[in-house]
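Visitor: Submitted below is the structure of interest, expressed as structure tokens.
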Amino acid sequence: MMYLRNALLGSLLLCTAAHAAPQHALTLYNEPPKYPADFKHFDYVNPQAPKGGTFRESAMGGFDSLNPYISKGVPADNLGLIYDTLAMQSLDEPITEYGLVAGKIEKAPDNSWVRFYLRPEARFHDGHPIRAEDVVFTFQELIKDGSPIYRTYYADVDEVIAEDPLKVLFKFKRTNNRELPLILGQLPVLPKHWWATRDFAKGNLEIPLGSGPYKVAEVKAGRMIRYERVKDYWAKDLPVTQGFYNFDNRITDYYRDSTVSLEALKAGQFDYWLEFSAKNWANAYNIPAVKEGRLIKEEIPNGNPTGMQGFVFNMRKPMFQDVRVRKAISLLLDFEWSNKQLFNGAYTRTRSYFENSEMAATGLPGPDELKILEPLRDKIPPEVFTQTFEPAKTDGSGMIRTQQREAYQLLQEAGWRIVDDKMVDTTGKPVTIEFLLAQTEFERILLPFKRNLADLGIDLVIRRVDVSQFVNRIRSRDFDMLVGSFPQSTSPGNEQREFWKSSSADKPGSRNYMGLKDPAVDQLVEELIDADSRKSLVAHAKALDRVLQFGYYVIPNWHIKTFRVAYWDHLGHPKVPPRYDVGTATWWAKPDVKPAVTLDTSTNTSADTASGGD
């Protein structure tokens with residue numbers, strides 16, 4: 001490893017750094033962090049939580065890789081547990097990071113660079129120290145062979161330099177990307193010496209070397225993975241880890257069917273379940289264990305923006321390139337009927353890409369938004385300036401004649417017409433839409449939508465595939481429509497490029513599922529990233545929100561503002577939950593309460609009965 005030796009460059013850096021000072025935490029706009037440098041632990045943990053026991057959860061589908069950083073293969077869940085990052089994000093602040101591998105962090109006053117000071121005691125599980133060359137290696141490998149998301153995230157990094165074994169400098173191409181130092185703080189540190197004899201670009205099931213609180217202890221390909229707590233974890237006494245990582249074992253069992261998975265929870269085959277189905281939450285837990293308080297149902301407040309989940313149009317397909325077609329099809333989702341008949345009235349219709357936050361656009365644009373939108377007036381939908389976006393609303397009766405008439409009119413304007421009771425497009429081809437699906441629970445939701453489309457002569461084919469095929473088809477953009485989600489943080493930034501920018505549309509593995517290529521959106525995304533205050537960030541998010549809404553790129557779904565969790569009573573969690581997460585990493589096993597089913601993790605744990613929901 002070539003360390004920085006140029007004396008002139010070193011002196012210039014020192015001069016620049018004279019106006020900065022290493023800090024224990026990073027914030028977006030240089031505001032003071034919630035926790036001071038001498039804090040003992042986060043408020044949302046129990047620092048006296050007992051260690052021991054097993055936390056067992058489920059996942060859907062399967063896995064064939066233990067490398068979560070590349071686009072090949074399907075990685076196992078929770079692999080982040082084995083790797084430490086340069087910094088650790090607080091779960092009760094919008095976006096603040098505290099040093100983990102890096103004990104101190106120094107940011108240039110003009111935001112032209114960030115320097116991480118590594119802790120001398122940081123080490124990998126084989127005892128090898130974590131050093132600057134590992135950080136440089138990780139960054140370069142992620143850029144070269146990692147998922148395309150990393151090239152997007154790190155696009156503004158000009159150079160990374162190992163200044164000495166314990167100092168790493170990231171120099172930036174421009175100075176107005178305020179989020180970039182925090183993005184780099186999330187960088188996992190991979191062991192250069194271990195990967196020296198391996199191909200990072202190939203996914204396989206070789207157990208990787210990590211540095212985090214857990215290591216992979218056992219793998220049953222596609223069916224189960226077990227993580228074992230590292231007893232001599234190098235960071236176990238740091239303030240940022242107090243009250244975390246309490247279970248001796250964390251096990252993920254894989255199921256092929258969510259119904260089978262839920263029954264396994266109720267039988268005590270695993271411990272914890274995050275419920276996404278309102279129908280299940282209302283009706284599927286009428287069992288003695290719930291009535292007796294052994295299986296606990298709890299709703300935990302969710303302070304996160306819910307983001308956007310919706311039925312995504314693939315605009316790479318010619319039939320979806322006309323906004324009138326997308327709007328017409330959007331009119332045919334009868335949320336009110338579904339909410340009443342299928343969801344027990346539990347959900348609220350999503351209308352914003354930044355739902356459940358101050359960044360959601362409401363009403364007409366205010367002065368701050370107009371300053372952003374006016375220069376783009378001729379490039380964005382005119383409705384942005386004159387209308388408040390609202391998804392179509394029905395009376396919940398299941399009869400949507402008004403919406404169907406409006407949809408039919410829009411389709412006619414787009415050049416579509418009815419021939420022999422079939423809708424045909426501008427080329428005279430009958431319209432058939434394939435909806436790619438991996439989640440079985442969505443089939444019952446799509447069937448009413450399918451009927452509404454059929455009334456206009458449009459055939460919706462629901463194509464259910466396994467998770468591996470689903471992932472591969474998304475990467476190759478081989479779909480017409482699918483259920484997609486665009487999660488948002490409390491401080492959106494660089495990830496917006498991955499969602500909306502033209503540069504990500506043709507990248508396999510990007511989150512730009514719809515193939516959006518719009519110069520106006522590109523400009524709004526870059527301006528949002530460059531926002532220099534919270535007020536500016538909110539205004540830019542609202543402006544972007546409005547343009548995305550009136551593009552009709554997705555049919556908005558629905559949301560709730562709580563985490564619905566079910567767990568067995570041998571698990572405990574802090575009285576004060578983190579505001580922005582369920583926080584299972586802070587939970588523990590109660591020493592005096594037996595699990596519903598005792599599982600032996602001292603030898604090869606079998607998941608044969610649990611993972612067989614074929």
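Chains: A, B, ... in order of the structure tokens. Residues: from 1 per chain. Ligands: from 1, in order shown.
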Looking only at strand (DSSP E or B) from DSSP on the backbone, list the matching residues of range 236-330 of chain A as a ChimeraX atom specification.
Guide: /A:249-255,272-274,295-301,308-313
Visitor: So that I can see what lies close to His570 in chain A, please list as number ranges by chain the residues with an atom at most 9 Å from it, counting only C-alpha atoms and leaving out residues fewer than 3 positions away in the same chain.
Guide: A: 271, 294, 567, 588-596
Visitor: Produce a file of the selected residues containing C-alpha atoms, as a PDB file, in the first residue's frame.
Guide:
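Now in selection.pdb:
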```
ATOM      1  CA  ASP A 271     -39.551 -15.959  17.648  1.00  0.00           C
ATOM      2  CA  ARG A 294     -47.248 -15.829  25.442  1.00  0.00           C
ATOM      3  CA  TYR A 567     -43.046 -12.083  19.195  1.00  0.00           C
ATOM      4  CA  TRP A 588     -32.634  -9.708  24.380  1.00  0.00           C
ATOM      5  CA  ALA A 589     -33.670 -13.153  25.615  1.00  0.00           C
ATOM      6  CA  LYS A 590     -35.171 -13.245  29.111  1.00  0.00           C
ATOM      7  CA  PRO A 591     -33.103 -15.709  31.161  1.00  0.00           C
ATOM      8  CA  ASP A 592     -36.085 -16.767  33.278  1.00  0.00           C
ATOM      9  CA  VAL A 593     -38.564 -17.411  30.417  1.00  0.00           C
ATOM     10  CA  LYS A 594     -38.318 -20.518  28.268  1.00  0.00           C
ATOM     11  CA  PRO A 595     -38.747 -20.217  24.499  1.00  0.00           C
ATOM     12  CA  ALA A 596     -41.875 -21.744  22.992  1.00  0.00           C
TER      13      ALA A 596
END
```
Visitor: Let me make sure I understand: among A:Leu180, A:Val135, A:Ile458, A:Met514, which one has the smallest atom-to-atom distance to Asp530 in chain A if we use only C-alpha atoms?
Guide: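 Result for the nearest residue to Asp530 in chain A: A:Leu180.
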Visitor: Report as a list in words all protein, DNA and RNA residues lying within 8 Å of range 62-67 of chain A, evaluated on only C-alpha atoms, omitting residues in the same chain fewer than 3 positions from it.
Guide: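 Surrounding residues, per the criterion: Ala59, Ile70, Gly73, Val74, Pro75, Ala76, Leu79, Gly203, Asn204, Leu205, Glu206, Ile207, Pro208, Ala221, Gly222, Arg223, Tyr254, Tyr255, Arg256, Val467 and Ser468 of chain A.
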Visitor: Return the single residue from A:Ala520, A:Val45, A:Ala539, A:Leu274 that is closest to Val576 in chain A, with distances computed using only C-alpha atoms.
Guide: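 Closest residue, counting only C-alpha atoms: A:Val45.
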Visitor: Go ahead and compute the interatomic distance for CA of Pro492 in chain A and CA of Leu187 in chain A, in Å to one decimal.
Guide: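 Separation between CA of Pro492 in chain A and CA of Leu187 in chain A: 17.5 Å.
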Visitor: Quick one: everything within 8 Å of Val136 in chain A, counting only C-alpha atoms, minus sequence neighbours fewer than 4 positions away in the same chain. Send it as a PyMOL selection string.
Guide: chain A and resi 132+140+160-162+168
Visitor: Mind giving me the straight-line distance from CA of Tyr353 in chain A to CA of Gly307 in chain A in Å, one decimal?
Guide: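 One can read the CA of Tyr353 in chain A to CA of Gly307 in chain A distance as 5.1 Å.
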Visitor: If I take CA of Tyr29 in chain A and CA of Arg534 in chain A, how far is one from the other in Å, to one decimal?
Guide: 7.7 Å
Visitor: Would you pick out the contacts of Pro556 in chain A at 7 Å or less, using only C-alpha atoms, so that residues sharing its chain but fewer than 5 positions from it are not included, and give the list as a PyMOL selection string?
Guide: chain A and resi 308-311+350-351
Visitor: Pull C-alpha atoms from the residues just selected and write them as a PDB file, in the first residue's frame.
Guide:
```
ATOM      1  CA  MET A 308     -43.657   5.004  -1.850  1.00  0.00           C
ATOM      2  CA  GLN A 309     -44.837   1.486  -2.505  1.00  0.00           C
ATOM      3  CA  GLY A 310     -46.782   1.037  -5.683  1.00  0.00           C
ATOM      4  CA  PHE A 311     -47.459  -0.872  -8.868  1.00  0.00           C
ATOM      5  CA  THR A 350     -50.240   6.720  -0.180  1.00  0.00           C
ATOM      6  CA  ARG A 351     -50.059   9.874  -2.277  1.00  0.00           C
TER       7      ARG A 351
END
```
Visitor: With distances taken over only C-alpha atoms, which residue among A:Lys450, A:Arg444, A:Arg115, A:Lys215 lies nearest Glu163 in chain A?
Guide: A:Arg115
Visitor: Apply DSSP to the backbone of this structure and, from range 391-540 of chain A, keep only the residues in helix (DSSP H, G or I); write these as a PyMOL selection string.
Guide: chain A and resi 401-413+440-454+467-475+495-500+502-505+519-529+534-540
Visitor: Contacts of Gly210 in chain A at 6 Å or less, counting only C-alpha atoms, minus same-chain residues fewer than 2 places along, as a PyMOL selection string?
Guide: chain A and resi 82-83+124-125+212
Visitor: Keeping only N, CA and C atoms, write the selected residues to a file as a PDB file, in the first residue's frame.
Guide:
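Everything below was put into part21.pdb:
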```pdb
ATOM      1  N   ILE A  82     -22.030  -9.134  10.252  1.00  0.00           N
ATOM      2  CA  ILE A  82     -20.651  -9.619  10.373  1.00  0.00           C
ATOM      3  C   ILE A  82     -19.626  -8.549  10.010  1.00  0.00           C
ATOM      4  N   TYR A  83     -20.095  -7.405   9.519  1.00  0.00           N
ATOM      5  CA  TYR A  83     -19.168  -6.358   9.097  1.00  0.00           C
ATOM      6  C   TYR A  83     -19.377  -5.084   9.915  1.00  0.00           C
ATOM      7  N   PHE A 124     -10.291  -7.609  12.625  1.00  0.00           N
ATOM      8  CA  PHE A 124     -11.144  -8.621  12.024  1.00  0.00           C
ATOM      9  C   PHE A 124     -11.214  -9.833  12.944  1.00  0.00           C
ATOM     10  N   HIS A 125     -12.087 -10.760  12.609  1.00  0.00           N
ATOM     11  CA  HIS A 125     -12.298 -11.911  13.478  1.00  0.00           C
ATOM     12  C   HIS A 125     -11.084 -12.830  13.576  1.00  0.00           C
ATOM     13  N   GLY A 212     -17.511  -7.730  12.598  1.00  0.00           N
ATOM     14  CA  GLY A 212     -18.634  -7.232  13.361  1.00  0.00           C
ATOM     15  C   GLY A 212     -18.978  -8.053  14.581  1.00  0.00           C
TER      16      GLY A 212
END
```
